[in-house]
Amino acid sequence: VSAETAVNLLIPYGTTNYLSGPATVNSLYLGAKNGGDQCAAIMPGENVEDATLTVESGMVLIGYNSAAGNYKYPTVGVPLNFGKKPGFIVCPGGKRNQINGAIKGSAGVTFTTPLGTSAALPTSGLVFGGNANESTYTGNTYVQTFVNAGTTGFLPHGERTGDVYVNGTLQGDNFIINGLYGKGTVNRASSGGKTLTLGDNNANGDFDGTISITDNGSSLTKIGTGTQRFGGTVTLASNGNFNVNAGKVVLDGTVTQGAVNVAAGAAIGGNGSIATTLTFEDGAMFDVDVADDVASCLNVTGAVTGGPVTINANVTSGKWRTAQCVLKSDVEITATFNRGAGVGALELKNNNTELWASPKVPGLTIVFR
């Protein structure tokens with residue numbers, strides 16, 4: 001591969017291309033074959049310290065292998081640099097494809113699958129290992145296929161900007177990301193206790209998909225000052241924890257398993273449900289969103305404890321005129337509450353299983369002349 005002339009590099013099926021140093025191509029295609037047990041690969045040569053492949057168009061295409069039980073995978077074993085172009089790695093569904101090099105660039109990356117092979121997406125796709133943990137790319141990540149990003153440092157966080165949009169399946173172990181968006185599935189890549197941390201860089205997020213991290217000791221943690229909304233289903237281990245450590249969580253979906261804990265200075269709200277317990281630290285907040293005189297109400301099956309909790313109302317449209325239930329439980333609510341912004345009165349009703357809030361009415365001033 002010439003470092004001076006950009007080409008569309010085809011690596012024929014069953015062969016491996018070894019780079020002797022940095023190289024530049026326009027696009028990269030790992031060749032396909034209908035059957036067989038050998039796959040195309042691009043790897044660093046022996047004792048080569050820098051085998052970065054710059055892909056000027058951003059396009060990496062991985063060919064489909066229909067052979068049953070093949071034991072080798074199409075493999076990109078060198079770092080990929082997409083520069084200022086959005087990166088696109090297009091892989092077949094239903095077969096494992098290995099990415100072992102770090103990804104570099106400043107315009108994000110999309111991982112996707114041709115529609116013709118999408119039926120097998122839940123079982124295989126792109127698996128990241130090797131030096132992928134050392135990736136430095138910034139910008140949004142779009143997961144539109146099956147991606148096993150098992151390594152902690154692969155997805156942008158820390159000094160790296162960019163949110164993650166999951167409309168396929170994302171697997172990971174103990175990983176940190178900024179904002180989470182999409183309607184797909186997020187789960188663990190391997191057994192054992194895992195931690196998914198969202199909200200780094202004070203990012204916002206809006207996720208309507210499914211999060212399932214069910215091994216013992218697993219947890220989901222919200223950090224940063226941003227707001228992360230969950231509209232789907234969150235399932236943790238029975239002894240797992242959903243920790244709202246900072247910022248705000250809007251729960252419009254369901255937490256089916258795992259205790260929910262809200263730290264001091266953090267907030268939770270929404271119209272969803274918690275099938276376990278809800279615990280507030282002293283100084284935590286509960287946010288009520290009101291639109292056209294309808295207030296959000298969070299439903300909890302288990303105990304609601306802790307506090308004092310400050311109840312704040314956010315009126316997004318129209319006016320708030322009537323007292324409404326904003327928090328209910330199947331058992332007696334023992335948490336204590338303080339009135340916050342926009343709240344005029346608080347009252348526990350129905351054997352202390354429902355918390356009702358009334359709007360704050362502006363005072364009337366009479367001036368005598």
# chains A, B, ... in the order shown; residues from 1 in each chain; ligands from 1

call {"tool": "residues_around", "arguments": {"residues": "segment 90-104 of chain A", "least_positions_apart": "5", "cutoff": "7 Å", "atoms": "only C-alpha atoms", "output": "ChimeraX atom specification"}}
result
/A:60-64,73-83,111-114,117-118,120-121,123-137

call {"tool": "write_last_selection", "arguments": {"atoms": "N, CA and C atoms", "output": "mmCIF file, in the first residue's frame"}}
result
data_model
loop_
_atom_site.group_PDB
_atom_site.id
_atom_site.type_symbol
_atom_site.label_atom_id
_atom_site.label_comp_id
_atom_site.auth_asym_id
_atom_site.auth_seq_id
_atom_site.Cartn_x
_atom_site.Cartn_y
_atom_site.Cartn_z
ATOM 1 N N VAL A 60 -15.296 1.808 5.557
ATOM 2 C CA VAL A 60 -14.702 0.483 5.743
ATOM 3 C C VAL A 60 -15.809 -0.538 5.544
ATOM 4 N N LEU A 61 -15.658 -1.409 4.555
ATOM 5 C CA LEU A 61 -16.678 -2.394 4.204
ATOM 6 C C LEU A 61 -16.149 -3.788 4.504
ATOM 7 N N ILE A 62 -16.937 -4.576 5.210
ATOM 8 C CA ILE A 62 -16.523 -5.931 5.564
ATOM 9 C C ILE A 62 -17.451 -6.910 4.864
ATOM 10 N N GLY A 63 -16.875 -7.807 4.064
ATOM 11 C CA GLY A 63 -17.671 -8.725 3.273
ATOM 12 C C GLY A 63 -18.304 -9.829 4.095
ATOM 13 N N TYR A 64 -19.387 -10.375 3.595
ATOM 14 C CA TYR A 64 -20.151 -11.393 4.304
ATOM 15 C C TYR A 64 -19.639 -12.787 3.986
ATOM 16 N N TYR A 73 -12.335 -14.827 11.717
ATOM 17 C CA TYR A 73 -13.192 -13.663 11.527
ATOM 18 C C TYR A 73 -12.504 -12.636 10.637
ATOM 19 N N PRO A 74 -13.269 -11.932 9.794
ATOM 20 C CA PRO A 74 -12.694 -10.767 9.126
ATOM 21 C C PRO A 74 -12.146 -9.829 10.209
ATOM 22 N N THR A 75 -10.900 -9.395 10.056
ATOM 23 C CA THR A 75 -10.241 -8.675 11.154
ATOM 24 C C THR A 75 -9.545 -7.424 10.657
ATOM 25 N N VAL A 76 -9.820 -6.303 11.345
ATOM 26 C CA VAL A 76 -9.038 -5.079 11.164
ATOM 27 C C VAL A 76 -8.149 -4.968 12.387
ATOM 28 N N GLY A 77 -6.871 -5.250 12.211
ATOM 29 C CA GLY A 77 -5.941 -5.288 13.334
ATOM 30 C C GLY A 77 -5.057 -4.071 13.440
ATOM 31 N N VAL A 78 -5.312 -3.049 12.620
ATOM 32 C CA VAL A 78 -4.496 -1.839 12.644
ATOM 33 C C VAL A 78 -5.363 -0.658 13.086
ATOM 34 N N PRO A 79 -4.761 0.401 13.622
ATOM 35 C CA PRO A 79 -5.545 1.600 13.952
ATOM 36 C C PRO A 79 -6.135 2.219 12.692
ATOM 37 N N LEU A 80 -7.371 2.733 12.814
ATOM 38 C CA LEU A 80 -8.051 3.405 11.710
ATOM 39 C C LEU A 80 -8.177 4.883 12.024
ATOM 40 N N ASN A 81 -7.742 5.719 11.096
ATOM 41 C CA ASN A 81 -7.851 7.167 11.265
ATOM 42 C C ASN A 81 -8.781 7.719 10.192
ATOM 43 N N PHE A 82 -9.941 8.254 10.624
ATOM 44 C CA PHE A 82 -10.899 8.808 9.680
ATOM 45 C C PHE A 82 -10.743 10.316 9.512
ATOM 46 N N GLY A 83 -9.804 10.922 10.215
ATOM 47 C CA GLY A 83 -9.562 12.350 10.066
ATOM 48 C C GLY A 83 -10.799 13.168 10.380
ATOM 49 N N PHE A 111 -21.620 2.476 13.029
ATOM 50 C CA PHE A 111 -21.478 1.038 12.839
ATOM 51 C C PHE A 111 -22.827 0.521 12.343
ATOM 52 N N THR A 112 -22.836 -0.038 11.143
ATOM 53 C CA THR A 112 -24.124 -0.386 10.550
ATOM 54 C C THR A 112 -24.014 -1.684 9.762
ATOM 55 N N THR A 113 -25.168 -2.181 9.337
ATOM 56 C CA THR A 113 -25.272 -3.461 8.647
ATOM 57 C C THR A 113 -26.210 -3.326 7.454
ATOM 58 N N PRO A 114 -25.873 -3.906 6.311
ATOM 59 C CA PRO A 114 -26.809 -3.894 5.186
ATOM 60 C C PRO A 114 -28.126 -4.556 5.580
ATOM 61 N N THR A 117 -28.776 -8.422 5.631
ATOM 62 C CA THR A 117 -28.214 -9.342 6.624
ATOM 63 C C THR A 117 -28.634 -8.965 8.035
ATOM 64 N N SER A 118 -29.653 -8.135 8.165
ATOM 65 C CA SER A 118 -30.002 -7.599 9.479
ATOM 66 C C SER A 118 -30.745 -8.578 10.367
ATOM 67 N N ALA A 120 -29.993 -11.356 11.656
ATOM 68 C CA ALA A 120 -29.214 -12.023 12.694
ATOM 69 C C ALA A 120 -28.511 -11.051 13.632
ATOM 70 N N LEU A 121 -28.955 -9.803 13.650
ATOM 71 C CA LEU A 121 -28.255 -8.788 14.437
ATOM 72 C C LEU A 121 -28.097 -9.120 15.911
ATOM 73 N N THR A 123 -27.176 -11.624 17.440
ATOM 74 C CA THR A 123 -26.212 -12.660 17.781
ATOM 75 C C THR A 123 -24.768 -12.311 17.464
ATOM 76 N N SER A 124 -24.518 -11.420 16.547
ATOM 77 C CA SER A 124 -23.140 -11.146 16.180
ATOM 78 C C SER A 124 -23.055 -9.860 15.389
ATOM 79 N N GLY A 125 -21.860 -9.423 15.132
ATOM 80 C CA GLY A 125 -21.636 -8.181 14.407
ATOM 81 C C GLY A 125 -20.200 -7.757 14.604
ATOM 82 N N LEU A 126 -19.984 -6.568 15.177
ATOM 83 C CA LEU A 126 -18.640 -6.051 15.408
ATOM 84 C C LEU A 126 -18.212 -6.304 16.846
ATOM 85 N N VAL A 127 -17.033 -6.876 17.001
ATOM 86 C CA VAL A 127 -16.460 -7.111 18.325
ATOM 87 C C VAL A 127 -15.152 -6.340 18.412
ATOM 88 N N PHE A 128 -15.044 -5.496 19.439
ATOM 89 C CA PHE A 128 -13.860 -4.659 19.613
ATOM 90 C C PHE A 128 -12.983 -5.230 20.723
ATOM 91 N N GLY A 129 -11.702 -5.334 20.437
ATOM 92 C CA GLY A 129 -10.749 -5.854 21.411
ATOM 93 C C GLY A 129 -9.377 -5.280 21.127
ATOM 94 N N GLY A 130 -8.345 -5.961 21.592
ATOM 95 C CA GLY A 130 -6.981 -5.506 21.332
ATOM 96 C C GLY A 130 -6.734 -4.087 21.795
ATOM 97 N N ASN A 131 -6.306 -3.222 20.867
ATOM 98 C CA ASN A 131 -5.997 -1.830 21.198
ATOM 99 C C ASN A 131 -7.175 -0.884 20.987
ATOM 100 N N ALA A 132 -8.375 -1.423 20.738
ATOM 101 C CA ALA A 132 -9.538 -0.554 20.560
ATOM 102 C C ALA A 132 -9.799 0.286 21.804
ATOM 103 N N ASN A 133 -9.354 -0.194 22.951
ATOM 104 C CA ASN A 133 -9.504 0.544 24.201
ATOM 105 C C ASN A 133 -8.755 1.870 24.171
ATOM 106 N N GLU A 134 -7.800 2.009 23.254
ATOM 107 C CA GLU A 134 -6.995 3.228 23.163
ATOM 108 C C GLU A 134 -7.546 4.206 22.120
ATOM 109 N N SER A 135 -8.778 4.011 21.694
ATOM 110 C CA SER A 135 -9.387 4.892 20.688
ATOM 111 C C SER A 135 -9.448 6.331 21.191
ATOM 112 N N THR A 136 -9.291 7.279 20.255
ATOM 113 C CA THR A 136 -9.300 8.696 20.600
ATOM 114 C C THR A 136 -10.341 9.480 19.813
ATOM 115 N N TYR A 137 -11.159 8.826 19.000
ATOM 116 C CA TYR A 137 -12.089 9.559 18.147
ATOM 117 C C TYR A 137 -13.087 10.342 18.981
#

call {"tool": "residues_around", "arguments": {"residues": "Asp330 of chain A", "least_positions_apart": "3", "cutoff": "9 Å", "atoms": "only C-alpha atoms", "output": "JSON, numbers by chain"}}
result
{"A": [299, 300, 301, 302, 303, 333, 353, 354]}

call {"tool": "residues_around", "arguments": {"residues": "Leu278 of chain A", "least_positions_apart": "6", "cutoff": "12 Å", "atoms": "only C-alpha atoms", "output": "NGL selection string"}}
result
:A and (241-244 or 255 or 257-263 or 268-269 or 284 or 286 or 298-307 or 309 or 327-331 or 333-335)

call {"tool": "atom_distance", "arguments": {"atom1": "atom CA of Thr225 of chain A", "atom2": "atom CA of Gln324 of chain A"}}
result
28.1 Å

call {"tool": "residues_around", "arguments": {"residues": "Asn167 of chain A", "least_positions_apart": "3", "cutoff": "9 Å", "atoms": "only C-alpha atoms", "output": "ChimeraX atom specification"}}
result
/A:142-145,170,181-185,209

call {"tool": "write_last_selection", "arguments": {"atoms": "C-alpha atoms", "output": "PDB file, in the first residue's frame"}}
result
ATOM      1  CA  TYR A 142     -24.197   5.515  15.978  1.00  0.00           C
ATOM      2  CA  VAL A 143     -24.780   1.838  16.755  1.00  0.00           C
ATOM      3  CA  GLN A 144     -27.078   0.418  14.068  1.00  0.00           C
ATOM      4  CA  THR A 145     -25.896  -3.170  14.274  1.00  0.00           C
ATOM      5  CA  LEU A 170     -24.534  -2.342  22.361  1.00  0.00           C
ATOM      6  CA  TYR A 181     -29.923   8.181  22.868  1.00  0.00           C
ATOM      7  CA  GLY A 182     -31.907   5.760  20.700  1.00  0.00           C
ATOM      8  CA  LYS A 183     -34.365   2.872  20.915  1.00  0.00           C
ATOM      9  CA  GLY A 184     -32.079  -0.167  20.888  1.00  0.00           C
ATOM     10  CA  THR A 185     -30.628  -2.504  23.516  1.00  0.00           C
ATOM     11  CA  GLY A 209     -34.678   1.364  24.515  1.00  0.00           C
TER      12      GLY A 209
END

call {"tool": "closest_residue", "arguments": {"among": "A:Ile176, A:Ala23, A:Ile274, A:Val164", "to": "Asp50 of chain A", "atoms": "only C-alpha atoms"}}
result
A:Ala23

call {"tool": "select_by_dssp", "arguments": {"residues": "segment 305-340 of chain A", "states": "strand (DSSP E or B)", "output": "list in words"}}
result
Thr305, Gly306, Val309, Thr310, Ile311, Asn312, Ala313, Asn314, Val315, Thr316, Ser317, Gln324, Cys325, Val326, Leu327, Lys328, Ser329, Phe337, Asn338 and Arg339 of chain A

call {"tool": "residues_around", "arguments": {"residues": "Val326 of chain A", "least_positions_apart": "3", "cutoff": "7 Å", "atoms": "only C-alpha atoms", "output": "PDB file with all heavy atoms, in the first residue's frame"}}
result
ATOM      1  N   VAL A 288     -41.212  17.704  39.526  1.00  0.00           N
ATOM      2  CA  VAL A 288     -42.531  17.490  38.945  1.00  0.00           C
ATOM      3  C   VAL A 288     -42.632  18.342  37.683  1.00  0.00           C
ATOM      4  O   VAL A 288     -42.444  19.561  37.736  1.00  0.00           O
ATOM      5  CB  VAL A 288     -43.642  17.886  39.935  1.00  0.00           C
ATOM      6  CG1 VAL A 288     -45.012  17.707  39.298  1.00  0.00           C
ATOM      7  CG2 VAL A 288     -43.522  17.082  41.219  1.00  0.00           C
ATOM      8  N   ALA A 295     -49.731  17.147  35.945  1.00  0.00           N
ATOM      9  CA  ALA A 295     -48.431  16.950  36.577  1.00  0.00           C
ATOM     10  C   ALA A 295     -47.952  15.514  36.394  1.00  0.00           C
ATOM     11  O   ALA A 295     -48.748  14.572  36.353  1.00  0.00           O
ATOM     12  CB  ALA A 295     -48.517  17.283  38.061  1.00  0.00           C
ATOM     13  N   SER A 296     -46.649  15.340  36.285  1.00  0.00           N
ATOM     14  CA  SER A 296     -46.077  14.004  36.211  1.00  0.00           C
ATOM     15  C   SER A 296     -46.234  13.304  37.555  1.00  0.00           C
ATOM     16  O   SER A 296     -46.243  13.930  38.612  1.00  0.00           O
ATOM     17  CB  SER A 296     -44.606  14.075  35.818  1.00  0.00           C
ATOM     18  OG  SER A 296     -43.861  14.851  36.750  1.00  0.00           O
ATOM     19  N   CYS A 297     -46.339  11.976  37.513  1.00  0.00           N
ATOM     20  CA  CYS A 297     -46.499  11.188  38.736  1.00  0.00           C
ATOM     21  C   CYS A 297     -45.666   9.915  38.616  1.00  0.00           C
ATOM     22  O   CYS A 297     -45.851   9.137  37.670  1.00  0.00           O
ATOM     23  CB  CYS A 297     -47.964  10.844  38.978  1.00  0.00           C
ATOM     24  SG  CYS A 297     -48.247   9.916  40.507  1.00  0.00           S
ATOM     25  N   LEU A 298     -44.769   9.693  39.541  1.00  0.00           N
ATOM     26  CA  LEU A 298     -43.906   8.519  39.548  1.00  0.00           C
ATOM     27  C   LEU A 298     -44.525   7.452  40.443  1.00  0.00           C
ATOM     28  O   LEU A 298     -44.893   7.723  41.584  1.00  0.00           O
ATOM     29  CB  LEU A 298     -42.513   8.897  40.048  1.00  0.00           C
ATOM     30  CG  LEU A 298     -41.422   7.841  39.929  1.00  0.00           C
ATOM     31  CD1 LEU A 298     -41.141   7.498  38.474  1.00  0.00           C
ATOM     32  CD2 LEU A 298     -40.129   8.332  40.595  1.00  0.00           C
ATOM     33  N   LEU A 355     -48.364  11.138  47.536  1.00  0.00           N
ATOM     34  CA  LEU A 355     -47.928  12.507  47.826  1.00  0.00           C
ATOM     35  C   LEU A 355     -48.587  13.446  46.825  1.00  0.00           C
ATOM     36  O   LEU A 355     -48.421  13.291  45.616  1.00  0.00           O
ATOM     37  CB  LEU A 355     -46.404  12.619  47.727  1.00  0.00           C
ATOM     38  CG  LEU A 355     -45.833  14.027  47.927  1.00  0.00           C
ATOM     39  CD1 LEU A 355     -46.063  14.510  49.362  1.00  0.00           C
ATOM     40  CD2 LEU A 355     -44.350  14.078  47.568  1.00  0.00           C
ATOM     41  N   TRP A 356     -49.340  14.417  47.323  1.00  0.00           N
ATOM     42  CA  TRP A 356     -50.032  15.388  46.496  1.00  0.00           C
ATOM     43  C   TRP A 356     -49.347  16.739  46.626  1.00  0.00           C
ATOM     44  O   TRP A 356     -48.902  17.129  47.713  1.00  0.00           O
ATOM     45  CB  TRP A 356     -51.506  15.509  46.909  1.00  0.00           C
ATOM     46  CG  TRP A 356     -52.335  14.338  46.467  1.00  0.00           C
ATOM     47  CD1 TRP A 356     -52.157  13.033  46.818  1.00  0.00           C
ATOM     48  CD2 TRP A 356     -53.455  14.385  45.582  1.00  0.00           C
ATOM     49  NE1 TRP A 356     -53.104  12.242  46.209  1.00  0.00           N
ATOM     50  CE2 TRP A 356     -53.920  13.048  45.449  1.00  0.00           C
ATOM     51  CE3 TRP A 356     -54.126  15.401  44.908  1.00  0.00           C
ATOM     52  CZ2 TRP A 356     -55.000  12.718  44.654  1.00  0.00           C
ATOM     53  CZ3 TRP A 356     -55.213  15.078  44.115  1.00  0.00           C
ATOM     54  CH2 TRP A 356     -55.638  13.744  43.980  1.00  0.00           C
ATOM     55  N   ALA A 357     -49.275  17.441  45.502  1.00  0.00           N
ATOM     56  CA  ALA A 357     -48.664  18.775  45.483  1.00  0.00           C
ATOM     57  C   ALA A 357     -49.641  19.779  44.900  1.00  0.00           C
ATOM     58  O   ALA A 357     -50.405  19.464  43.975  1.00  0.00           O
ATOM     59  CB  ALA A 357     -47.376  18.766  44.662  1.00  0.00           C
TER      60      ALA A 357
END

call {"tool": "residues_around", "arguments": {"residues": "Gly272 of chain A", "least_positions_apart": "3", "cutoff": "6 Å", "atoms": "only C-alpha atoms", "output": "list in words"}}
result
Leu251, Asp252, Gly253, Thr254 and Leu298 of chain A

call {"tool": "select_by_dssp", "arguments": {"residues": "segment 4-208 of chain A", "states": "helix (DSSP H, G or I)", "output": "list in words"}}
result
Leu115, Gly116, Thr117, Ser118, Ala119, Ala120, Gly130, Asn131, Ala132, Asn133, Glu134, Asp200, Asn201 and Asn202 of chain A

call {"tool": "closest_residue", "arguments": {"among": "A:Pro308, A:Gly240, A:Gly87, A:Gly247", "to": "Ser219 of chain A", "atoms": "only C-alpha atoms"}}
result
A:Gly240

call {"tool": "residues_around", "arguments": {"residues": "Thr322 of chain A", "least_positions_apart": "2", "cutoff": "8 Å", "atoms": "only C-alpha atoms", "output": "JSON, numbers by chain"}}
result
{"A": [293, 320, 324, 358, 359]}

call {"tool": "write_last_selection", "arguments": {"atoms": "N, CA and C atoms", "output": "CSV table (one decimal), in the first residue's frame"}}
result
chain,number,residue,atom,x,y,z
A,293,ASP,N,-51.6,21.9,33.0
A,293,ASP,CA,-52.3,21.5,34.2
A,293,ASP,C,-52.2,20.0,34.6
A,320,TRP,N,-50.6,25.7,35.9
A,320,TRP,CA,-50.8,24.6,36.9
A,320,TRP,C,-51.8,25.2,37.9
A,324,GLN,N,-52.5,17.8,42.6
A,324,GLN,CA,-52.4,16.5,42.0
A,324,GLN,C,-51.4,15.5,42.7
A,358,SER,N,-49.6,21.0,45.4
A,358,SER,CA,-50.5,22.1,44.9
A,358,SER,C,-49.6,23.2,44.4
A,359,PRO,N,-50.0,23.9,43.4
A,359,PRO,CA,-49.2,25.0,42.8
A,359,PRO,C,-49.1,26.2,43.8

call {"tool": "closest_residue", "arguments": {"among": "A:Gly58, A:Gly342, A:Gly224, A:Gly139", "to": "Val25 of chain A", "atoms": "only C-alpha atoms"}}
result
A:Gly58

call {"tool": "closest_residue", "arguments": {"among": "A:Pro156, A:Gly232, A:Asn187, A:Asp292", "to": "Asn271 of chain A", "atoms": "only C-alpha atoms"}}
result
A:Gly232

call {"tool": "atom_distance", "arguments": {"atom1": "atom CA of Leu198 of chain A", "atom2": "atom CA of Phe337 of chain A"}}
result
27.3 Å
